[in-house]
Every structure is written in structure tokens, then in C-alpha cells.
Amino acid sequence: MKSARAEGLVLCTDCHLLVRAPRAHQGACPRCGGALHARIPNSVSRTWALVVAAWVLLVPANLYPIMTVIYFGEGEPDTIISGVIKLAEEGMLPIAIVVFVASIAVPVLKLLGIMLLLFTVHFKWALSKTECTVLYRIIEVVGAWSMLDLFMISILVTLVDLGTVAQITAGPGATAFATVVVITMFAAMSFDPRLIWDLQEDSND
Amino acid sequence: MLYGQPHLACHECDALLTRVALPPGKKLVCPRCNCTLRKPARDPVNRGMALSLTSLTLMVPAFTMPIMTFNMLGLDTVDTMIKGVLHLFQAGFWWMALLVLFCSILAPTLESALVLSICLLVRARRYGGLLILLLKLQARVRRWAMLEVYMLGILVAYVKMIDSGQVHMGVGMICFSGMMLATTLNTMLFDTHSIWEQVGRYRGGIHEVRPR
Ligand SMILES: [Zn+2]
Ligand SMILES: [Zn+2]
């Protein structure tokens with residue numbers, strides 16, 4: 001199967017019009033005026049930069065407390081991990097699993113997945129193109145679910161605001177974690193899945 | 001032929017495909033990577049308007065009415081979506097507050113408002129620069145509307161507090177559920193391709209592209 005690029009055609013990123021482009025990075029779409037690029041420009045290096053930034057920020061996101069629950073003036077700050085452990089110990093195992101998946105498994109596996117795709121493109125690994133595309137789609141869809149912890153915190157700090165009796169406050173880890181979520185979403189967006197399939201054509205030549 | 005062009009390319013794998021006529025209800029799937037390329041809707045403009053109006057109407061109570069109330073030792077607190085954001089702002093967590101505000105309130109509102117405006121412009125046959133701008137904005141804002149995630153956040157918060165005191169779901173929760181359904185359906189079903197085709201036909205000069 002031929003790619004549009006091999007035929008000198010470029011798909012407009014904005015309106016999906018197929019346009020004949022004399023050069024790879026040239027011109028504007030006749031339908032919507034958007035800039036035409038055969039592939040997202042600097043996709044790999046930009047994605048790498050965002051992935052590295054996300055790994056770095058994952059450290060403060062997990063070291064600093066994201067939330068403190070205070071009953072009658074007493075309470076210990078919880079990090080993401082200690083929060084999950086506490087939920088499990090209190091017998092709320094299903095909730096602990098949900099929070100673990102959204103706050104720990106999803107960001108880490110998402111970053112590892114993007115790195116696998118980046119390595120595959122860079123080293124031309126002979127992985128299944130179909131499976132890589134499925135991985136890309138999972139990464140794209142799953143990213144938003146990491147916001148779960150942040151939404152939950154915003155609900156809890158408002159809901160449990162009983163002065164000296166009970167109070168829940170957010171912690172600095174939440175700020176770092178919020179940034180991680182945003183950066184990983186941008187990382188998934190900046191990766192161009194067509195690069196996976198370009199490998200196939202390069203090897204066919 | 002439903003679409004003007006004889007060829008199209010897959011946006012996820014760049015496979016060059018021959019375009020076929022596609023009746024409403026059927027979808028065109030990329031033979032190489034299985035990505036859904038086209039899914040013509042039966043009446044995209046009217047349905048888009050109905051769903052956008054529904055979600056915009058439900059947004060007012062969903063954002064301002066109580067999602068949950070918490071009672072402990074005779075003390076009551078009420079949580080609304082707006083209060084949740086304000087609380088974070090007041091506590092100094094402005095970055096997190098902005099993010100929660102954008103993903104749970106602004107992006108869904110903007111998305112519904114954009115779909116509604118796009119539909120109104122198409123009905124008025126105004127295929128100019130404004131429609132193009134709104135279509136591009138809608139495509140960018142879509143992924144930041146995270147109502148399903150917020151819904152799970154509400155449920156997790158509810159279960160978490162159930163042992164500590166009395167938690168009750170409020171009226172806002174019902175409105176939120178309806179709003180979430182309408183907004184999510186709208187995003188899933190809104191067929192921007194058919195609108196882009198109309199823009200192309202109206203503007204003219206959009207030439208057929210054939211491989212060499
Ligand atoms: Zn275009
Ligand atoms: Zn494809």
C-alpha cells in the first residue's frame with residue numbers, strides 16, 4: 001500500500017484535505033489555509049523533550065504530598081503512593097486500584113509506551129506496525145484519566161471543609177502532578193503515528 | 001458520490017486510498033491501520049444543535065448546584081464544581097485550579113458553544129473564515145474536555161468519604177450526568193468531515209487530487 005507522501009500528496013492536518021505539495025514542507029491548504037506538512041515537524045525531538053520533562057517532574061509529583069486529611073487537628077500529608085496504600089489498608093481496595101491505575105500506572109506506562117514508539121522509529125525496530133498503532137491509540141485515549149486524582153482533590157477540599165473538625169488540603173505534589181499530566185498529553189499529541197508506517201515503506205524500497 | 005475527491009489519505013498511517021460513496025450510518029475504516037476515517041452522520045447539523053443546546057442548558061445547574069453534601073457531627077458542607085475550583089484558587093493552588101477549571105468547565109462549555117456556532121453558520125450558509133476558525137478551534141479544544149474523568153472523580157470522592165460522615169449526592173449530580181452524556185455524544189457523533197466538504201464546495205478552487 002502506497003503512502004500519500006510517496007505520491008507527492010500531503011494531508012492537511014486541520015481539515016484532512018489531500019493536497020498536491022511540490023515540497024514536503026511548503027504552502028498552505030487551499031481549503032482552510034492551514035500550514036501543510038507531510039509529517040508533524042520535529043515530531044521525534046519535540047516528543048523526546050516532553051517525555052524527559054515529564055519523567056523529571058514525576059519525581060516531585062511522587063515525593064511531595066498531594067493531599068492532607070486532617071481530623072481534629074491531626075493528620076499526615078499523603079503522597080500519591082501513600083494515599084493508595086492507605087486506601088487499600090482502609091479496606092477500599094477497588095478505589096485504591098482505580099487511583100493506582102489513574103495516578104501511577106497510566107502516567108508511567110504512557111511515558112514508557114511513547115518511548116517504545118520513539119525507539120522503534122529511531123532504531124527501525126521490526127515491531128508489528130499494527131500493534132504500534134494500537135499502542136499509540138491507547139496512549140492518546142488514556143492520558144486524560146490521569147486527571148482523576150486532581151479532580152478528586154478539588155472535590156474533596158471543598159467537600160471536607162469543616163474548620164477544626166475535619167479538613168482536606170491540597171499539597172505541592174499535586175501541582176507537579178498536574179504539570180506531568182499536561183506534558184504527557186502534549187507528548188502524545190506531538191508524536192506523529194505516520195512515522196511508524198514510514199518504516200515499512202523505507203524497508204520496501 | 002458523497003465526497004468530491006477521488007482519493008483520500010489516512011491521517012494515522014498516510015495510506016493513500018480510493019474514495020468510495022459512503023451511505024450514512026456506514027463508516028470508512030483504513031485497511032492498513034484500522035483507523036476510522038469517515039463516519040457520515042444522517043443529520044449532523046440538527047443533531048449537533050440539539051445536543052449542544054441540551055448540554056449548554058444543563059451546564060448552568062451542573063456547575064452551580066450541589067454535586068455532593070457532606071455532614072459530620074452536625075456540620076454541613078456543600079460541593080459544587082465552581083466552588084471546587086475557587087477553593088483551590090483561594091488555597092494558592094492556582095495552576096491546578098486553572099487546569100481543573102479548563103478541563104472540567106471551560107473546555108466542555110467552549111466545545112458545546114463551538115459546535116452550536118458551527119451548526120448555526122452552516123445553516124446560514126456562511127462558509128467563510130469564521131467557520132474555518134471555529135472548526136479548527138473545536139478540533140483543538142475537544143481533547144481537553146474531560147467530563148467522564150470528572151464523573152469518576154466524583155464517584156471516588158463519594159466512596160472515599162462514605163465512612164467518615166454522611167455523604168449525599170445533590171441535584172447538580174443529576175444535571176452533571178445528563179450534561180456529560182450530551183457533551184460526550186456530541187463529540188463522538190459530530191461529523192466535521194461533512195462540514196469541511198461543504199466548505200470546500202462553497203469556496204470552489206478545491207481541486208481533485210489524483211496520484212500521478
Ligand atoms: Zn486544510
Ligand atoms: Zn491508516
# chains A, B, ... in the order shown; residues from 1 in each chain; ligands from 1

$ residues_around --residues "region 170-181 of chain B" --least-positions-apart "5" --cutoff "12 Å" --atoms "only C-alpha atoms" --output "ChimeraX atom specification"
/B:51-70,77-82,104-105,108-109,112,145-152,154-155,158,186-189

$ residues_near_ligand --ligand "ligand 2" --cutoff "10 Å" --atoms "only C-alpha atoms and all ligand atoms" --output "number ranges by chain"
A: 3, 130, 133, 193-194, 197; B: 9-17, 29-37

$ write_last_selection --atoms "N, CA, C and O atoms" --output "compact mmCIF listing (two decimals), in the first residue's frame"
# COMPACT_ATOMS: atom_id res chain seq x y z
N SER A 3 1.88 5.26 0.38
CA SER A 3 1.53 6.37 1.24
C SER A 3 1.28 7.60 0.38
O SER A 3 1.78 7.70 -0.75
N THR A 130 0.89 -2.63 13.14
CA THR A 130 -0.48 -2.57 13.63
C THR A 130 -0.51 -2.45 15.14
O THR A 130 -1.25 -1.65 15.71
N THR A 133 0.49 0.95 16.30
CA THR A 133 -0.60 1.92 16.12
C THR A 133 -1.64 1.77 17.22
O THR A 133 -2.15 2.76 17.75
N PRO A 193 1.97 9.40 14.34
CA PRO A 193 1.89 7.94 14.16
C PRO A 193 2.28 7.48 12.76
O PRO A 193 2.59 6.31 12.56
N ARG A 194 2.27 8.40 11.81
CA ARG A 194 2.62 8.00 10.44
C ARG A 194 4.09 7.61 10.34
O ARG A 194 4.48 6.88 9.43
N TRP A 197 4.56 3.87 10.20
CA TRP A 197 4.31 3.22 8.91
C TRP A 197 5.33 3.62 7.87
O TRP A 197 5.50 2.91 6.87
N ALA B 9 -6.39 10.20 2.17
CA ALA B 9 -5.28 9.57 2.88
C ALA B 9 -5.66 9.39 4.33
O ALA B 9 -6.43 10.16 4.89
N CYS B 10 -5.10 8.33 4.93
CA CYS B 10 -5.36 8.06 6.35
C CYS B 10 -4.50 9.01 7.18
O CYS B 10 -3.31 9.14 6.93
N HIS B 11 -5.10 9.65 8.17
CA HIS B 11 -4.33 10.62 8.96
C HIS B 11 -3.45 9.95 10.00
O HIS B 11 -2.64 10.60 10.63
N GLU B 12 -3.62 8.64 10.19
CA GLU B 12 -2.77 7.97 11.18
C GLU B 12 -1.66 7.14 10.55
O GLU B 12 -0.67 6.85 11.22
N CYS B 13 -1.81 6.71 9.28
CA CYS B 13 -0.73 5.93 8.68
C CYS B 13 -0.36 6.42 7.28
O CYS B 13 0.54 5.88 6.65
N ASP B 14 -1.07 7.44 6.78
CA ASP B 14 -0.76 8.06 5.49
C ASP B 14 -1.02 7.13 4.29
O ASP B 14 -0.50 7.38 3.20
N ALA B 15 -1.79 6.07 4.47
CA ALA B 15 -2.12 5.20 3.34
C ALA B 15 -2.99 5.97 2.36
O ALA B 15 -3.92 6.68 2.75
N LEU B 16 -2.67 5.83 1.05
CA LEU B 16 -3.45 6.51 0.03
C LEU B 16 -4.58 5.59 -0.40
O LEU B 16 -4.35 4.45 -0.79
N LEU B 17 -5.81 6.07 -0.30
CA LEU B 17 -6.96 5.21 -0.54
C LEU B 17 -7.87 5.83 -1.61
O LEU B 17 -7.94 7.04 -1.75
N VAL B 29 -13.18 2.60 7.12
CA VAL B 29 -12.07 2.24 8.00
C VAL B 29 -10.81 2.04 7.16
O VAL B 29 -10.87 1.49 6.08
N CYS B 30 -9.69 2.54 7.66
CA CYS B 30 -8.43 2.38 6.93
C CYS B 30 -8.05 0.90 6.87
O CYS B 30 -7.98 0.24 7.92
N PRO B 31 -7.82 0.36 5.66
CA PRO B 31 -7.49 -1.06 5.55
C PRO B 31 -6.11 -1.40 6.12
O PRO B 31 -5.83 -2.55 6.42
N ARG B 32 -5.27 -0.38 6.28
CA ARG B 32 -3.93 -0.67 6.76
C ARG B 32 -3.83 -0.59 8.29
O ARG B 32 -3.29 -1.47 8.94
N CYS B 33 -4.38 0.47 8.90
CA CYS B 33 -4.19 0.63 10.35
C CYS B 33 -5.50 0.58 11.13
O CYS B 33 -5.49 0.74 12.35
N ASN B 34 -6.63 0.34 10.45
CA ASN B 34 -7.92 0.19 11.14
C ASN B 34 -8.48 1.45 11.76
O ASN B 34 -9.37 1.40 12.60
N CYS B 35 -7.96 2.59 11.37
CA CYS B 35 -8.42 3.85 11.93
C CYS B 35 -9.71 4.26 11.22
O CYS B 35 -9.86 4.05 10.03
N THR B 36 -10.68 4.79 11.98
CA THR B 36 -11.93 5.25 11.35
C THR B 36 -11.69 6.57 10.63
O THR B 36 -11.27 7.55 11.25
N LEU B 37 -11.92 6.58 9.32
CA LEU B 37 -11.60 7.77 8.54
C LEU B 37 -12.81 8.67 8.31
O LEU B 37 -12.72 9.88 8.39

$ residues_around --residues "Val157 (chain A)" --least-positions-apart "5" --cutoff "8 Å" --atoms "only C-alpha atoms" --output "VMD selection string"
(chain A and resid 167 to 170) or (chain B and resid 84 87 to 88)

$ write_last_selection --atoms "N, CA and C atoms" --output "JSON list (two decimals), in the first residue's frame"
[["chain", "number", "residue", "atom", "x", "y", "z"],
["A", 167, "GLN", "N", -10.72, 18.62, 57.75],
["A", 167, "GLN", "CA", -10.32, 19.46, 56.63],
["A", 167, "GLN", "C", -9.40, 18.65, 55.71],
["A", 168, "ILE", "N", -9.56, 18.89, 54.41],
["A", 168, "ILE", "CA", -8.65, 18.27, 53.45],
["A", 168, "ILE", "C", -7.99, 19.38, 52.66],
["A", 169, "THR", "N", -6.65, 19.35, 52.60],
["A", 169, "THR", "CA", -5.96, 20.39, 51.84],
["A", 169, "THR", "C", -5.09, 19.75, 50.77],
["A", 170, "ALA", "N", -4.86, 20.51, 49.70],
["A", 170, "ALA", "CA", -4.00, 20.02, 48.61],
["A", 170, "ALA", "C", -2.54, 20.26, 48.99],
["B", 84, "GLY", "N", -15.31, 24.05, 43.86],
["B", 84, "GLY", "CA", -14.09, 23.23, 43.86],
["B", 84, "GLY", "C", -12.92, 23.98, 43.27],
["B", 87, "HIS", "N", -12.00, 27.12, 45.52],
["B", 87, "HIS", "CA", -11.32, 26.69, 46.74],
["B", 87, "HIS", "C", -9.82, 26.51, 46.48],
["B", 88, "LEU", "N", -9.50, 25.90, 45.36],
["B", 88, "LEU", "CA", -8.08, 25.69, 45.01],
["B", 88, "LEU", "C", -7.39, 27.03, 44.77]]

$ residues_near_ligand --ligand "ligand 1" --cutoff "8 Å" --atoms "only C-alpha atoms and all ligand atoms" --output "list in words"
Leu11, Cys12, Thr13, Asp14, Cys15, His16, Leu17, Ala28, Cys29, Pro30, Arg31, Cys32, Gly33, Gly34, Ala35 and Leu36 of chain A

$ atom_distance --atom1 "CA of Val10 (chain A)" --atom2 "CA of Met189 (chain A)"
18.9 Å

$ closest_residue --among "B:Gly48, B:Gly92, B:Gly153, B:Pro6" --to "chain A" --atoms "only C-alpha atoms"
B:Gly153

$ closest_atom_pairs --of "region 118-180 of chain A" --to "region 61-77 of chain A" --cutoff "8 Å" --atoms "only C-alpha atoms" --output "tab-separated table"
residue	atom	partner	partner_atom	distance
A:Ile153	CA	A:Met67	CA	7.3
A:Thr164	CA	A:Phe72	CA	5.6
A:Val165	CA	A:Phe72	CA	4.7
A:Ala166	CA	A:Tyr71	CA	4.4
A:Gln167	CA	A:Ile70	CA	5.1
A:Ile168	CA	A:Val69	CA	4.5
A:Thr169	CA	A:Thr68	CA	5.2
A:Ala170	CA	A:Met67	CA	4.4
A:Gly171	CA	A:Ile66	CA	4.2
A:Pro172	CA	A:Ile66	CA	6.0
A:Gly173	CA	A:Ala61	CA	4.4
A:Ala174	CA	A:Ile66	CA	4.5
A:Thr175	CA	A:Ala61	CA	7.5
A:Ala176	CA	A:Ala61	CA	4.8
A:Phe177	CA	A:Ala61	CA	4.8
A:Val180	CA	A:Ala61	CA	7.9

$ write_last_selection --atoms "all heavy atoms" --output "mmCIF file, in the first residue's frame"
data_model
loop_
_atom_site.group_PDB
_atom_site.id
_atom_site.type_symbol
_atom_site.label_atom_id
_atom_site.label_comp_id
_atom_site.auth_asym_id
_atom_site.auth_seq_id
_atom_site.Cartn_x
_atom_site.Cartn_y
_atom_site.Cartn_z
ATOM 1 N N ILE A 153 -9.223 15.677 44.217
ATOM 2 C CA ILE A 153 -8.730 16.609 45.237
ATOM 3 C C ILE A 153 -9.574 17.877 45.249
ATOM 4 O O ILE A 153 -9.970 18.369 46.306
ATOM 5 C CB ILE A 153 -7.240 16.936 44.990
ATOM 6 C CG1 ILE A 153 -6.381 15.696 45.265
ATOM 7 C CG2 ILE A 153 -6.779 18.086 45.884
ATOM 8 C CD1 ILE A 153 -4.945 15.832 44.832
ATOM 9 N N THR A 164 -12.095 23.151 62.271
ATOM 10 C CA THR A 164 -11.223 22.365 63.159
ATOM 11 C C THR A 164 -11.633 20.900 63.221
ATOM 12 O O THR A 164 -10.862 20.056 63.656
ATOM 13 C CB THR A 164 -11.265 22.952 64.580
ATOM 14 O OG1 THR A 164 -12.630 23.169 64.937
ATOM 15 C CG2 THR A 164 -10.507 24.265 64.653
ATOM 16 N N VAL A 165 -12.843 20.580 62.801
ATOM 17 C CA VAL A 165 -13.304 19.194 62.887
ATOM 18 C C VAL A 165 -12.637 18.322 61.812
ATOM 19 O O VAL A 165 -12.014 17.312 62.114
ATOM 20 C CB VAL A 165 -14.837 19.125 62.764
ATOM 21 C CG1 VAL A 165 -15.291 17.679 62.731
ATOM 22 C CG2 VAL A 165 -15.492 19.870 63.909
ATOM 23 N N ALA A 166 -12.777 18.729 60.599
ATOM 24 C CA ALA A 166 -12.187 17.954 59.513
ATOM 25 C C ALA A 166 -11.860 18.877 58.355
ATOM 26 O O ALA A 166 -12.616 19.786 58.031
ATOM 27 C CB ALA A 166 -13.147 16.867 59.047
ATOM 28 N N GLN A 167 -10.722 18.622 57.752
ATOM 29 C CA GLN A 167 -10.316 19.458 56.632
ATOM 30 C C GLN A 167 -9.405 18.649 55.707
ATOM 31 O O GLN A 167 -8.600 17.842 56.171
ATOM 32 C CB GLN A 167 -9.581 20.685 57.146
ATOM 33 C CG GLN A 167 -9.716 21.865 56.215
ATOM 34 C CD GLN A 167 -9.393 23.170 56.896
ATOM 35 O OE1 GLN A 167 -8.701 23.194 57.913
ATOM 36 N NE2 GLN A 167 -9.872 24.266 56.340
ATOM 37 N N ILE A 168 -9.562 18.886 54.407
ATOM 38 C CA ILE A 168 -8.649 18.267 53.452
ATOM 39 C C ILE A 168 -7.987 19.384 52.659
ATOM 40 O O ILE A 168 -8.659 20.287 52.169
ATOM 41 C CB ILE A 168 -9.396 17.291 52.515
ATOM 42 C CG1 ILE A 168 -9.926 16.098 53.318
ATOM 43 C CG2 ILE A 168 -8.473 16.792 51.411
ATOM 44 C CD1 ILE A 168 -10.616 15.046 52.502
ATOM 45 N N THR A 169 -6.654 19.349 52.601
ATOM 46 C CA THR A 169 -5.956 20.389 51.837
ATOM 47 C C THR A 169 -5.092 19.755 50.768
ATOM 48 O O THR A 169 -4.656 18.613 50.898
ATOM 49 C CB THR A 169 -5.047 21.236 52.757
ATOM 50 O OG1 THR A 169 -4.167 20.349 53.447
ATOM 51 C CG2 THR A 169 -5.849 22.045 53.755
ATOM 52 N N ALA A 170 -4.859 20.509 49.697
ATOM 53 C CA ALA A 170 -4.004 20.022 48.614
ATOM 54 C C ALA A 170 -2.543 20.260 48.987
ATOM 55 O O ALA A 170 -2.235 21.041 49.885
ATOM 56 C CB ALA A 170 -4.342 20.741 47.323
ATOM 57 N N GLY A 171 -1.627 19.570 48.316
ATOM 58 C CA GLY A 171 -0.199 19.718 48.601
ATOM 59 C C GLY A 171 0.586 20.022 47.338
ATOM 60 O O GLY A 171 0.054 19.916 46.224
ATOM 61 N N PRO A 172 1.853 20.389 47.485
ATOM 62 C CA PRO A 172 2.661 20.792 46.327
ATOM 63 C C PRO A 172 2.857 19.681 45.295
ATOM 64 O O PRO A 172 3.072 19.964 44.114
ATOM 65 C CB PRO A 172 4.001 21.199 46.944
ATOM 66 C CG PRO A 172 4.016 20.603 48.311
ATOM 67 C CD PRO A 172 2.602 20.517 48.751
ATOM 68 N N GLY A 173 2.783 18.415 45.735
ATOM 69 C CA GLY A 173 2.913 17.307 44.788
ATOM 70 C C GLY A 173 1.840 17.370 43.710
ATOM 71 O O GLY A 173 2.069 16.991 42.561
ATOM 72 N N ALA A 174 0.654 17.885 44.090
ATOM 73 C CA ALA A 174 -0.450 17.968 43.135
ATOM 74 C C ALA A 174 -0.120 18.919 41.995
ATOM 75 O O ALA A 174 -0.485 18.676 40.838
ATOM 76 C CB ALA A 174 -1.727 18.410 43.844
ATOM 77 N N THR A 175 0.585 20.013 42.322
ATOM 78 C CA THR A 175 0.975 20.968 41.285
ATOM 79 C C THR A 175 1.916 20.301 40.283
ATOM 80 O O THR A 175 1.740 20.425 39.067
ATOM 81 C CB THR A 175 1.676 22.185 41.927
ATOM 82 O OG1 THR A 175 0.774 22.774 42.856
ATOM 83 C CG2 THR A 175 2.073 23.200 40.885
ATOM 84 N N ALA A 176 2.906 19.552 40.813
ATOM 85 C CA ALA A 176 3.841 18.860 39.931
ATOM 86 C C ALA A 176 3.114 17.810 39.098
ATOM 87 O O ALA A 176 3.349 17.669 37.891
ATOM 88 C CB ALA A 176 4.958 18.209 40.751
ATOM 89 N N PHE A 177 2.191 17.094 39.750
ATOM 90 C CA PHE A 177 1.473 16.044 39.034
ATOM 91 C C PHE A 177 0.595 16.624 37.926
ATOM 92 O O PHE A 177 0.500 16.069 36.832
ATOM 93 C CB PHE A 177 0.626 15.221 40.014
ATOM 94 C CG PHE A 177 -0.009 14.032 39.373
ATOM 95 C CD1 PHE A 177 0.763 12.942 38.998
ATOM 96 C CD2 PHE A 177 -1.370 13.994 39.113
ATOM 97 C CE1 PHE A 177 0.186 11.838 38.380
ATOM 98 C CE2 PHE A 177 -1.949 12.899 38.499
ATOM 99 C CZ PHE A 177 -1.169 11.822 38.138
ATOM 100 N N VAL A 180 2.744 17.180 35.053
ATOM 101 C CA VAL A 180 3.062 15.913 34.380
ATOM 102 C C VAL A 180 1.935 15.525 33.418
ATOM 103 O O VAL A 180 2.180 15.171 32.263
ATOM 104 C CB VAL A 180 3.289 14.772 35.403
ATOM 105 C CG1 VAL A 180 3.398 13.426 34.700
ATOM 106 C CG2 VAL A 180 4.540 15.031 36.224
#

$ select_by_dssp --residues "region 39-150 of chain A" --states "alpha helix (DSSP H)" --output "PyMOL selection string"
chain A and resi 43-63+80-89+93-100+106-123+129-142+148-150

$ residues_around --residues "Lys86 (chain A)" --least-positions-apart "5" --cutoff "12 Å" --atoms "only C-alpha atoms" --output "list of chain:residue names"
A:Val69, A:Glu76, A:Pro77, A:Asp78, A:Thr79, A:Ile80, A:Ile81, A:Gly91, A:Met92, A:Leu93, A:Ile95, A:Ala96, A:Ile97, A:Val99, A:Phe100, B:Lys160

$ write_last_selection --atoms "all heavy atoms" --output "CSV table (one decimal), in the first residue's frame"
chain,number,residue,atom,x,y,z
A,69,VAL,N,-5.3,15.0,54.9
A,69,VAL,CA,-6.6,14.8,55.5
A,69,VAL,C,-6.4,15.1,57.0
A,69,VAL,O,-5.6,14.4,57.7
A,69,VAL,CB,-7.2,13.4,55.3
A,69,VAL,CG1,-8.6,13.4,55.9
A,69,VAL,CG2,-7.2,13.1,53.8
A,76,GLU,N,-1.7,13.3,58.6
A,76,GLU,CA,-0.4,13.3,57.9
A,76,GLU,C,-0.6,13.6,56.4
A,76,GLU,O,-1.5,13.1,55.8
A,76,GLU,CB,0.2,11.9,58.1
A,76,GLU,CG,1.2,11.9,59.3
A,76,GLU,CD,1.7,10.5,59.5
A,76,GLU,OE1,2.1,9.8,58.4
A,76,GLU,OE2,1.8,10.0,60.6
A,77,PRO,N,0.4,14.3,55.9
A,77,PRO,CA,0.3,14.5,54.4
A,77,PRO,C,0.5,13.2,53.7
A,77,PRO,O,1.2,12.3,54.1
A,77,PRO,CB,1.5,15.4,54.1
A,77,PRO,CG,1.9,16.0,55.5
A,77,PRO,CD,1.5,15.0,56.5
A,78,ASP,N,-0.3,13.0,52.6
A,78,ASP,CA,-0.2,11.8,51.8
A,78,ASP,C,0.5,12.1,50.4
A,78,ASP,O,0.1,13.1,49.7
A,78,ASP,CB,-1.6,11.2,51.5
A,78,ASP,CG,-2.0,10.3,52.6
A,78,ASP,OD1,-1.1,9.5,53.1
A,78,ASP,OD2,-3.1,10.3,53.0
A,79,THR,N,1.4,11.3,50.0
A,79,THR,CA,1.9,11.3,48.6
A,79,THR,C,0.9,10.5,47.8
A,79,THR,O,0.0,9.8,48.4
A,79,THR,CB,3.3,10.8,48.5
A,79,THR,OG1,3.3,9.5,48.9
A,79,THR,CG2,4.3,11.6,49.3
A,80,ILE,N,1.1,10.4,46.5
A,80,ILE,CA,0.2,9.6,45.6
A,80,ILE,C,0.3,8.2,46.1
A,80,ILE,O,-0.7,7.5,46.3
A,80,ILE,CB,0.7,9.7,44.2
A,80,ILE,CG1,0.5,11.2,43.7
A,80,ILE,CG2,-0.1,8.8,43.3
A,80,ILE,CD1,1.0,11.4,42.2
A,81,ILE,N,1.5,7.7,46.3
A,81,ILE,CA,1.7,6.3,46.7
A,81,ILE,C,1.1,6.0,48.1
A,81,ILE,O,0.4,5.0,48.3
A,81,ILE,CB,3.2,5.8,46.6
A,81,ILE,CG1,3.6,6.0,45.1
A,81,ILE,CG2,3.4,4.4,47.1
A,81,ILE,CD1,5.1,6.0,44.9
A,91,GLY,N,-9.4,-0.8,53.6
A,91,GLY,CA,-10.4,-1.8,53.0
A,91,GLY,C,-11.1,-1.3,51.8
A,91,GLY,O,-12.1,-1.9,51.3
A,92,MET,N,-10.6,-0.2,51.2
A,92,MET,CA,-11.2,0.3,50.0
A,92,MET,C,-10.4,-0.1,48.8
A,92,MET,O,-9.9,0.7,48.0
A,92,MET,CB,-11.4,1.8,50.0
A,92,MET,CG,-12.5,2.2,51.0
A,92,MET,SD,-12.8,4.0,51.0
A,92,MET,CE,-12.2,4.5,52.6
A,93,LEU,N,-10.2,-1.4,48.6
A,93,LEU,CA,-9.3,-1.9,47.6
A,93,LEU,C,-9.7,-1.5,46.2
A,93,LEU,O,-8.8,-1.1,45.4
A,93,LEU,CB,-9.2,-3.5,47.7
A,93,LEU,CG,-8.0,-4.1,47.0
A,93,LEU,CD1,-6.7,-3.5,47.6
A,93,LEU,CD2,-8.0,-5.6,47.2
A,95,ILE,N,-11.2,1.1,45.1
A,95,ILE,CA,-10.9,2.5,44.9
A,95,ILE,C,-9.4,2.7,44.8
A,95,ILE,O,-8.8,3.5,44.0
A,95,ILE,CB,-11.4,3.4,46.0
A,95,ILE,CG1,-13.0,3.3,46.0
A,95,ILE,CG2,-11.0,4.8,46.0
A,95,ILE,CD1,-13.6,4.1,44.9
A,96,ALA,N,-8.7,2.0,45.7
A,96,ALA,CA,-7.2,2.0,45.7
A,96,ALA,C,-6.7,1.6,44.3
A,96,ALA,O,-5.8,2.3,43.8
A,96,ALA,CB,-6.6,1.1,46.7
A,97,ILE,N,-7.3,0.6,43.7
A,97,ILE,CA,-6.8,0.1,42.4
A,97,ILE,C,-7.1,1.2,41.3
A,97,ILE,O,-6.2,1.5,40.5
A,97,ILE,CB,-7.5,-1.2,42.0
A,97,ILE,CG1,-7.0,-2.3,42.9
A,97,ILE,CG2,-7.2,-1.6,40.6
A,97,ILE,CD1,-7.7,-3.6,42.9
A,99,VAL,N,-7.4,4.5,41.7
A,99,VAL,CA,-6.5,5.6,41.9
A,99,VAL,C,-5.1,5.2,41.5
A,99,VAL,O,-4.4,6.0,40.8
A,99,VAL,CB,-6.5,6.1,43.4
A,99,VAL,CG1,-5.4,7.2,43.6
A,99,VAL,CG2,-7.9,6.6,43.7
A,100,PHE,N,-4.7,4.0,41.8
A,100,PHE,CA,-3.3,3.5,41.4
A,100,PHE,C,-3.2,3.5,39.9
A,100,PHE,O,-2.2,4.0,39.3
A,100,PHE,CB,-3.1,2.1,41.9
A,100,PHE,CG,-1.8,1.5,41.5
A,100,PHE,CD1,-0.6,1.8,42.1
A,100,PHE,CD2,-1.8,0.6,40.4
A,100,PHE,CE1,0.6,1.3,41.6
A,100,PHE,CE2,-0.6,0.0,39.9
A,100,PHE,CZ,0.6,0.4,40.5
B,160,LYS,N,-14.8,7.4,49.0
B,160,LYS,CA,-13.7,7.7,50.0
B,160,LYS,C,-14.3,8.3,51.3
B,160,LYS,O,-13.8,8.0,52.4
B,160,LYS,CB,-12.8,8.7,49.3
B,160,LYS,CG,-11.3,8.6,49.9
B,160,LYS,CD,-10.4,9.5,49.0
B,160,LYS,CE,-9.4,10.1,49.9
B,160,LYS,NZ,-8.2,9.2,50.1

$ closest_residue --among "A:Val121, A:Val98, A:Ala54, A:Ala49" --to "chain B" --atoms "only C-alpha atoms"
A:Val98

$ decode --residues "region 133-144 of chain A" --atoms "N, CA, C and O atoms" --output "short mmCIF file (atom, residue, chain, number, x, y, z; two decimals), in the first residue's frame"
data_model
loop_
_atom_site.label_atom_id
_atom_site.label_comp_id
_atom_site.auth_asym_id
_atom_site.auth_seq_id
_atom_site.Cartn_x
_atom_site.Cartn_y
_atom_site.Cartn_z
N THR A 133 0.49 0.95 16.30
CA THR A 133 -0.60 1.92 16.12
C THR A 133 -1.64 1.77 17.22
O THR A 133 -2.15 2.76 17.75
N VAL A 134 -1.94 0.52 17.61
CA VAL A 134 -2.87 0.29 18.71
C VAL A 134 -2.33 0.91 19.99
O VAL A 134 -3.03 1.61 20.72
N LEU A 135 -1.03 0.72 20.23
CA LEU A 135 -0.37 1.30 21.41
C LEU A 135 -0.51 2.82 21.38
O LEU A 135 -0.85 3.45 22.39
N TYR A 136 -0.26 3.42 20.22
CA TYR A 136 -0.38 4.87 20.08
C TYR A 136 -1.79 5.34 20.43
O TYR A 136 -1.98 6.33 21.13
N ARG A 137 -2.80 4.59 19.95
CA ARG A 137 -4.18 4.99 20.21
C ARG A 137 -4.53 4.88 21.69
O ARG A 137 -5.22 5.73 22.25
N ILE A 138 -4.04 3.80 22.32
CA ILE A 138 -4.28 3.64 23.77
C ILE A 138 -3.66 4.82 24.52
O ILE A 138 -4.29 5.43 25.38
N ILE A 139 -2.42 5.17 24.15
CA ILE A 139 -1.72 6.28 24.80
C ILE A 139 -2.52 7.58 24.67
O ILE A 139 -2.65 8.35 25.61
N GLU A 140 -3.07 7.79 23.48
CA GLU A 140 -3.83 9.02 23.23
C GLU A 140 -5.09 9.09 24.09
O GLU A 140 -5.41 10.13 24.65
N VAL A 141 -5.79 7.96 24.18
CA VAL A 141 -7.08 7.95 24.87
C VAL A 141 -6.92 7.99 26.39
O VAL A 141 -7.65 8.67 27.10
N VAL A 142 -5.89 7.28 26.87
CA VAL A 142 -5.78 7.01 28.30
C VAL A 142 -5.27 8.22 29.09
O VAL A 142 -5.53 8.35 30.28
N GLY A 143 -4.59 9.14 28.41
CA GLY A 143 -3.92 10.25 29.09
C GLY A 143 -4.81 11.07 29.99
O GLY A 143 -4.43 11.43 31.11
N ALA A 144 -6.02 11.36 29.53
CA ALA A 144 -6.92 12.23 30.29
C ALA A 144 -7.28 11.64 31.64
O ALA A 144 -7.55 12.38 32.59
#
